[in-house]
Amino acid sequence: MGDCTEVKVKIPFGNKYLDAIFSVPDKILKHGVILTHGAGGDMNFSHLVSLVAYLASRGVLCLRFTCKGLNVAYRTKAYKTVVEYLKSSDEYKLSGVFLGGRSMGSRAAASVIRQISQDDNEDFIRGLICLSYPLHRPKLQSKLRDEDLFCIKCPVLFVSGSEDEMCEKKLLEDVASKMKAPKKIHWVEKANHGMAVKGRTADHIMMEINTQVFSWIKEIIEQEYN
């Protein structure tokens, strides 16, 4: 495990800028991860900070960014801009990137992958990481946010709490069974949408999540070279 350096950047987006931070490992692998936050908070949300520190210390370049707003289409547009920014970077030459986010951020990531795959330019996108994917509103299981998931072809990792009030376990398993993409679900036992579990510390829960995400990324990368 190595150290990493944080580099703050401002990414042009329309007539404004998106605040973002690169977590740059001492020795960079050929792959990176882009992450963003949920409906509240920003890129410094504790779960994202913990995950990027874990990944970057193991050689994965990470770029996390802030995009305020509750409009999914707006968040998706911003996310796509960040993907294009990283892809065209002269400083960081990557062969592929994993897109991810927490809650609403994972919805935006899924929507971006759907759009990019329709453009037939999906080689750069290696996978989707969904932390607490908000499959439905609380107590509104009849309206599922699953349309983007059915159009994705790259591997998908879901990390959700088994008692997430916005992602009923059986409903996500049903959706996953109908997806074309290779997928994996990791359930954090007794965790809610915020990944809180009575009797467990936040650090302990995040270590479980971080190790799952990294091992999944490593597995996908290794498959490419076999």
# chains A, B, ... in the order shown; residues from 1 in each chain; ligands from 1
$ closest_atom_pairs --of "segment 101-174 of chain A" --to "segment 47-55 of chain A" --cutoff "12 Å" --atoms "only C-alpha atoms" --output "JSON lines"
{"residue": "A:Gly101", "atom": "CA", "partner": "A:Leu48", "partner_atom": "CA", "distance": 8.2}
{"residue": "A:Arg102", "atom": "CA", "partner": "A:Leu48", "partner_atom": "CA", "distance": 7.9}
{"residue": "A:Ser103", "atom": "CA", "partner": "A:His47", "partner_atom": "CA", "distance": 11.4}
{"residue": "A:Gly105", "atom": "CA", "partner": "A:Leu48", "partner_atom": "CA", "distance": 11.0}
{"residue": "A:Ile129", "atom": "CA", "partner": "A:Leu51", "partner_atom": "CA", "distance": 11.5}
{"residue": "A:Cys130", "atom": "CA", "partner": "A:Leu48", "partner_atom": "CA", "distance": 12.0}
{"residue": "A:Leu131", "atom": "CA", "partner": "A:His47", "partner_atom": "CA", "distance": 9.4}
{"residue": "A:Ser132", "atom": "CA", "partner": "A:His47", "partner_atom": "CA", "distance": 11.1}
$ write_last_selection --atoms "all heavy atoms" --output "CSV table (one decimal), in the first residue's frame"
chain,number,residue,atom,x,y,z
A,101,GLY,N,-21.2,6.2,-7.3
A,101,GLY,CA,-21.7,7.2,-6.5
A,101,GLY,C,-22.5,6.7,-5.4
A,101,GLY,O,-22.8,5.5,-5.3
A,102,ARG,N,-22.9,7.6,-4.5
A,102,ARG,CA,-23.8,7.2,-3.4
A,102,ARG,C,-25.2,7.7,-3.6
A,102,ARG,O,-25.4,8.8,-4.0
A,102,ARG,CB,-23.2,7.8,-2.1
A,102,ARG,CG,-23.9,7.2,-0.8
A,102,ARG,CD,-23.7,8.0,0.4
A,102,ARG,NE,-25.0,8.5,1.0
A,102,ARG,CZ,-25.9,7.7,1.4
A,102,ARG,NH1,-25.8,6.4,1.4
A,102,ARG,NH2,-27.0,8.2,1.9
A,103,SER,N,-26.2,6.8,-3.4
A,103,SER,CA,-27.6,7.1,-3.6
A,103,SER,C,-27.9,7.8,-4.9
A,103,SER,O,-27.7,7.2,-6.0
A,103,SER,CB,-28.0,8.0,-2.4
A,103,SER,OG,-29.4,8.1,-2.3
A,105,GLY,N,-26.2,9.9,-6.5
A,105,GLY,CA,-25.0,9.9,-7.3
A,105,GLY,C,-24.9,8.7,-8.1
A,105,GLY,O,-24.4,8.7,-9.3
A,129,ILE,N,-20.4,1.3,-9.9
A,129,ILE,CA,-20.5,1.1,-8.5
A,129,ILE,C,-21.6,1.8,-7.9
A,129,ILE,O,-21.6,3.1,-7.9
A,129,ILE,CB,-19.1,1.5,-7.8
A,129,ILE,CG1,-17.9,0.8,-8.5
A,129,ILE,CG2,-19.2,1.2,-6.3
A,129,ILE,CD1,-16.6,1.5,-8.2
A,130,CYS,N,-22.6,1.1,-7.3
A,130,CYS,CA,-23.8,1.7,-6.8
A,130,CYS,C,-23.8,1.6,-5.2
A,130,CYS,O,-24.0,0.4,-4.7
A,130,CYS,CB,-25.1,1.1,-7.3
A,130,CYS,SG,-25.3,1.4,-9.1
A,131,LEU,N,-23.5,2.6,-4.5
A,131,LEU,CA,-23.6,2.6,-3.1
A,131,LEU,C,-24.9,3.1,-2.6
A,131,LEU,O,-25.3,4.3,-2.9
A,131,LEU,CB,-22.4,3.5,-2.5
A,131,LEU,CG,-21.0,3.2,-3.0
A,131,LEU,CD1,-20.0,4.2,-2.4
A,131,LEU,CD2,-20.6,1.8,-2.6
A,132,SER,N,-25.7,2.3,-2.0
A,132,SER,CA,-27.1,2.6,-1.5
A,132,SER,C,-27.9,3.2,-2.7
A,132,SER,O,-28.5,4.3,-2.7
A,132,SER,CB,-27.0,3.7,-0.4
A,132,SER,OG,-26.4,3.2,0.7
$ select_by_dssp --residues "segment 37-129 of chain A" --states "helix (DSSP H, G or I)" --output "ChimeraX atom specification"
/A:46-56,72-87,104-118
$ write_last_selection --atoms "N, CA and C atoms" --output "compact mmCIF listing (two decimals), in the first residue's frame"
# COMPACT_ATOMS: atom_id res chain seq x y z
N SER A 46 -18.32 11.62 4.19
CA SER A 46 -17.36 10.70 4.85
C SER A 46 -17.21 9.36 4.13
N HIS A 47 -18.29 8.80 3.60
CA HIS A 47 -18.20 7.50 2.93
C HIS A 47 -17.33 7.59 1.67
N LEU A 48 -17.47 8.67 0.93
CA LEU A 48 -16.67 8.84 -0.28
C LEU A 48 -15.20 9.06 0.06
N VAL A 49 -14.95 9.88 1.06
CA VAL A 49 -13.56 10.16 1.48
C VAL A 49 -12.88 8.86 1.92
N SER A 50 -13.59 8.05 2.68
CA SER A 50 -13.04 6.78 3.15
C SER A 50 -12.74 5.84 1.98
N LEU A 51 -13.67 5.76 1.03
CA LEU A 51 -13.50 4.86 -0.11
C LEU A 51 -12.33 5.28 -1.00
N VAL A 52 -12.24 6.58 -1.31
CA VAL A 52 -11.15 7.01 -2.20
C VAL A 52 -9.79 6.84 -1.52
N ALA A 53 -9.73 7.05 -0.22
CA ALA A 53 -8.45 6.85 0.49
C ALA A 53 -8.03 5.38 0.40
N TYR A 54 -8.99 4.49 0.54
CA TYR A 54 -8.70 3.05 0.47
C TYR A 54 -8.24 2.66 -0.93
N LEU A 55 -8.98 3.10 -1.95
CA LEU A 55 -8.67 2.74 -3.33
C LEU A 55 -7.34 3.35 -3.79
N ALA A 56 -7.15 4.64 -3.49
CA ALA A 56 -5.94 5.33 -3.95
C ALA A 56 -4.69 4.74 -3.30
N VAL A 72 -32.09 14.87 -11.53
CA VAL A 72 -31.21 13.78 -11.98
C VAL A 72 -30.62 14.06 -13.35
N ALA A 73 -31.41 14.68 -14.24
CA ALA A 73 -30.91 15.00 -15.58
C ALA A 73 -29.72 15.97 -15.49
N TYR A 74 -29.82 16.96 -14.60
CA TYR A 74 -28.74 17.93 -14.40
C TYR A 74 -27.51 17.24 -13.82
N ARG A 75 -27.73 16.38 -12.82
CA ARG A 75 -26.62 15.66 -12.20
C ARG A 75 -25.93 14.75 -13.22
N THR A 76 -26.74 14.14 -14.10
CA THR A 76 -26.19 13.25 -15.13
C THR A 76 -25.34 14.03 -16.13
N LYS A 77 -25.82 15.19 -16.52
CA LYS A 77 -25.08 16.04 -17.46
C LYS A 77 -23.73 16.44 -16.86
N ALA A 78 -23.75 16.80 -15.59
CA ALA A 78 -22.50 17.17 -14.90
C ALA A 78 -21.55 15.98 -14.83
N TYR A 79 -22.10 14.82 -14.51
CA TYR A 79 -21.28 13.61 -14.40
C TYR A 79 -20.62 13.28 -15.74
N LYS A 80 -21.37 13.41 -16.81
CA LYS A 80 -20.84 13.11 -18.15
C LYS A 80 -19.68 14.06 -18.48
N THR A 81 -19.82 15.31 -18.07
CA THR A 81 -18.76 16.30 -18.28
C THR A 81 -17.48 15.89 -17.55
N VAL A 82 -17.63 15.35 -16.33
CA VAL A 82 -16.47 14.91 -15.54
C VAL A 82 -15.80 13.71 -16.22
N VAL A 83 -16.61 12.79 -16.74
CA VAL A 83 -16.05 11.62 -17.45
C VAL A 83 -15.22 12.07 -18.64
N GLU A 84 -15.77 13.00 -19.42
CA GLU A 84 -15.06 13.51 -20.61
C GLU A 84 -13.78 14.26 -20.21
N TYR A 85 -13.85 14.96 -19.10
CA TYR A 85 -12.68 15.70 -18.58
C TYR A 85 -11.55 14.72 -18.26
N LEU A 86 -11.87 13.64 -17.56
CA LEU A 86 -10.85 12.67 -17.19
C LEU A 86 -10.33 11.92 -18.42
N LYS A 87 -11.24 11.57 -19.32
CA LYS A 87 -10.84 10.82 -20.51
C LYS A 87 -9.87 11.61 -21.38
N MET A 104 -28.31 9.09 -4.89
CA MET A 104 -28.63 9.78 -6.13
C MET A 104 -27.43 9.86 -7.08
N GLY A 105 -26.23 9.92 -6.50
CA GLY A 105 -25.02 9.95 -7.32
C GLY A 105 -24.87 8.68 -8.15
N SER A 106 -25.32 7.53 -7.59
CA SER A 106 -25.23 6.28 -8.35
C SER A 106 -26.28 6.24 -9.46
N ARG A 107 -27.42 6.89 -9.24
CA ARG A 107 -28.43 7.01 -10.31
C ARG A 107 -27.86 7.81 -11.48
N ALA A 108 -27.18 8.91 -11.16
CA ALA A 108 -26.57 9.73 -12.22
C ALA A 108 -25.51 8.94 -12.97
N ALA A 109 -24.70 8.16 -12.23
CA ALA A 109 -23.66 7.35 -12.86
C ALA A 109 -24.27 6.32 -13.81
N ALA A 110 -25.36 5.69 -13.37
CA ALA A 110 -26.04 4.69 -14.21
C ALA A 110 -26.58 5.34 -15.48
N SER A 111 -27.14 6.52 -15.34
CA SER A 111 -27.70 7.24 -16.48
C SER A 111 -26.61 7.62 -17.48
N VAL A 112 -25.45 8.02 -16.98
CA VAL A 112 -24.31 8.37 -17.85
C VAL A 112 -23.88 7.14 -18.65
N ILE A 113 -23.76 6.00 -17.97
CA ILE A 113 -23.31 4.78 -18.65
C ILE A 113 -24.32 4.38 -19.72
N ARG A 114 -25.59 4.53 -19.42
CA ARG A 114 -26.62 4.22 -20.43
C ARG A 114 -26.45 5.12 -21.66
N GLN A 115 -26.24 6.41 -21.45
CA GLN A 115 -26.07 7.35 -22.56
C GLN A 115 -24.81 7.05 -23.36
N ILE A 116 -23.70 6.79 -22.67
CA ILE A 116 -22.45 6.53 -23.36
C ILE A 116 -22.52 5.23 -24.15
N SER A 117 -23.19 4.21 -23.59
CA SER A 117 -23.29 2.93 -24.30
C SER A 117 -24.13 3.07 -25.57
N GLN A 118 -25.09 4.00 -25.54
CA GLN A 118 -25.91 4.25 -26.74
C GLN A 118 -25.10 4.94 -27.82
$ select_by_dssp --residues "segment 45-208 of chain A" --states "strand (DSSP E)" --output "number ranges by chain"
A: 61-65, 96-102, 125-131, 156-161, 183-188
$ write_last_selection --atoms "N, CA and C atoms" --output "mmCIF file, in the first residue's frame"
data_model
loop_
_atom_site.group_PDB
_atom_site.id
_atom_site.type_symbol
_atom_site.label_atom_id
_atom_site.label_comp_id
_atom_site.auth_asym_id
_atom_site.auth_seq_id
_atom_site.Cartn_x
_atom_site.Cartn_y
_atom_site.Cartn_z
ATOM 1 N N LEU A 61 -6.435 5.470 -9.197
ATOM 2 C CA LEU A 61 -6.654 6.922 -9.264
ATOM 3 C C LEU A 61 -8.131 7.217 -9.027
ATOM 4 N N CYS A 62 -8.431 8.153 -8.151
ATOM 5 C CA CYS A 62 -9.826 8.489 -7.858
ATOM 6 C C CYS A 62 -10.092 9.971 -8.142
ATOM 7 N N LEU A 63 -11.252 10.244 -8.664
ATOM 8 C CA LEU A 63 -11.701 11.620 -8.891
ATOM 9 C C LEU A 63 -13.108 11.727 -8.329
ATOM 10 N N ARG A 64 -13.254 12.540 -7.280
ATOM 11 C CA ARG A 64 -14.586 12.750 -6.724
ATOM 12 C C ARG A 64 -14.981 14.204 -6.950
ATOM 13 N N PHE A 65 -16.272 14.448 -7.129
ATOM 14 C CA PHE A 65 -16.702 15.812 -7.443
ATOM 15 C C PHE A 65 -18.024 16.148 -6.772
ATOM 16 N N GLY A 96 -9.112 2.712 -18.628
ATOM 17 C CA GLY A 96 -10.523 2.528 -18.309
ATOM 18 C C GLY A 96 -10.880 3.166 -16.983
ATOM 19 N N VAL A 97 -12.179 3.362 -16.773
ATOM 20 C CA VAL A 97 -12.638 4.003 -15.546
ATOM 21 C C VAL A 97 -13.929 3.342 -15.062
ATOM 22 N N PHE A 98 -14.081 3.307 -13.741
ATOM 23 C CA PHE A 98 -15.311 2.822 -13.111
ATOM 24 C C PHE A 98 -16.087 4.049 -12.629
ATOM 25 N N LEU A 99 -17.371 4.084 -12.911
ATOM 26 C CA LEU A 99 -18.211 5.196 -12.450
ATOM 27 C C LEU A 99 -18.997 4.745 -11.233
ATOM 28 N N GLY A 100 -19.149 5.633 -10.262
ATOM 29 C CA GLY A 100 -19.891 5.260 -9.069
ATOM 30 C C GLY A 100 -20.424 6.464 -8.328
ATOM 31 N N GLY A 101 -21.182 6.172 -7.318
ATOM 32 C CA GLY A 101 -21.728 7.245 -6.501
ATOM 33 C C GLY A 101 -22.547 6.671 -5.375
ATOM 34 N N ARG A 102 -22.911 7.564 -4.478
ATOM 35 C CA ARG A 102 -23.777 7.165 -3.374
ATOM 36 C C ARG A 102 -25.181 7.669 -3.626
ATOM 37 N N ILE A 125 -15.488 2.880 -20.205
ATOM 38 C CA ILE A 125 -16.239 2.590 -18.978
ATOM 39 C C ILE A 125 -16.144 1.099 -18.673
ATOM 40 N N ARG A 126 -15.557 0.778 -17.506
ATOM 41 C CA ARG A 126 -15.342 -0.630 -17.158
ATOM 42 C C ARG A 126 -16.388 -1.192 -16.198
ATOM 43 N N GLY A 127 -17.100 -0.310 -15.502
ATOM 44 C CA GLY A 127 -18.076 -0.828 -14.553
ATOM 45 C C GLY A 127 -18.782 0.277 -13.791
ATOM 46 N N LEU A 128 -19.829 -0.115 -13.066
ATOM 47 C CA LEU A 128 -20.658 0.816 -12.286
ATOM 48 C C LEU A 128 -20.689 0.370 -10.832
ATOM 49 N N ILE A 129 -20.430 1.319 -9.927
ATOM 50 C CA ILE A 129 -20.452 1.057 -8.488
ATOM 51 C C ILE A 129 -21.616 1.832 -7.865
ATOM 52 N N CYS A 130 -22.597 1.102 -7.348
ATOM 53 C CA CYS A 130 -23.787 1.737 -6.751
ATOM 54 C C CYS A 130 -23.781 1.554 -5.239
ATOM 55 N N LEU A 131 -23.509 2.622 -4.518
ATOM 56 C CA LEU A 131 -23.557 2.596 -3.059
ATOM 57 C C LEU A 131 -24.925 3.114 -2.612
ATOM 58 N N VAL A 156 -21.754 -4.451 -12.921
ATOM 59 C CA VAL A 156 -22.348 -3.554 -11.917
ATOM 60 C C VAL A 156 -22.184 -4.161 -10.524
ATOM 61 N N LEU A 157 -21.760 -3.326 -9.582
ATOM 62 C CA LEU A 157 -21.694 -3.728 -8.171
ATOM 63 C C LEU A 157 -22.678 -2.881 -7.376
ATOM 64 N N PHE A 158 -23.586 -3.557 -6.683
ATOM 65 C CA PHE A 158 -24.486 -2.879 -5.748
ATOM 66 C C PHE A 158 -23.998 -3.158 -4.333
ATOM 67 N N VAL A 159 -23.856 -2.105 -3.536
ATOM 68 C CA VAL A 159 -23.581 -2.264 -2.104
ATOM 69 C C VAL A 159 -24.715 -1.556 -1.381
ATOM 70 N N SER A 160 -25.570 -2.343 -0.741
ATOM 71 C CA SER A 160 -26.765 -1.770 -0.108
ATOM 72 C C SER A 160 -26.986 -2.374 1.269
ATOM 73 N N GLY A 161 -27.690 -1.624 2.099
ATOM 74 C CA GLY A 161 -28.060 -2.130 3.415
ATOM 75 C C GLY A 161 -29.258 -3.056 3.289
ATOM 76 N N LYS A 183 -23.541 -8.775 -12.730
ATOM 77 C CA LYS A 183 -23.802 -7.963 -11.531
ATOM 78 C C LYS A 183 -23.515 -8.741 -10.256
ATOM 79 N N LYS A 184 -23.255 -7.968 -9.215
ATOM 80 C CA LYS A 184 -23.022 -8.535 -7.887
ATOM 81 C C LYS A 184 -23.701 -7.621 -6.879
ATOM 82 N N ILE A 185 -24.334 -8.214 -5.883
ATOM 83 C CA ILE A 185 -24.928 -7.425 -4.793
ATOM 84 C C ILE A 185 -24.237 -7.812 -3.492
ATOM 85 N N HIS A 186 -23.744 -6.818 -2.780
ATOM 86 C CA HIS A 186 -23.217 -7.063 -1.437
ATOM 87 C C HIS A 186 -24.158 -6.382 -0.447
ATOM 88 N N TRP A 187 -24.769 -7.184 0.418
ATOM 89 C CA TRP A 187 -25.676 -6.643 1.425
ATOM 90 C C TRP A 187 -24.934 -6.391 2.733
ATOM 91 N N VAL A 188 -25.022 -5.170 3.220
ATOM 92 C CA VAL A 188 -24.487 -4.852 4.552
ATOM 93 C C VAL A 188 -25.626 -5.148 5.534
#
$ atom_distance --atom1 "atom CA of Asn71 of chain A" --atom2 "atom CA of His37 of chain A"
13.4 Å
$ closest_residue --among "A:Glu163, A:Glu208, A:Asp174, A:Asp203" --to "Glu189 of chain A" --atoms "only C-alpha atoms"
A:Glu163
$ closest_residue --among "A:Val7, A:Ala39, A:Val197, A:Val60" --to "Val213 of chain A" --atoms "only C-alpha atoms"
A:Val60
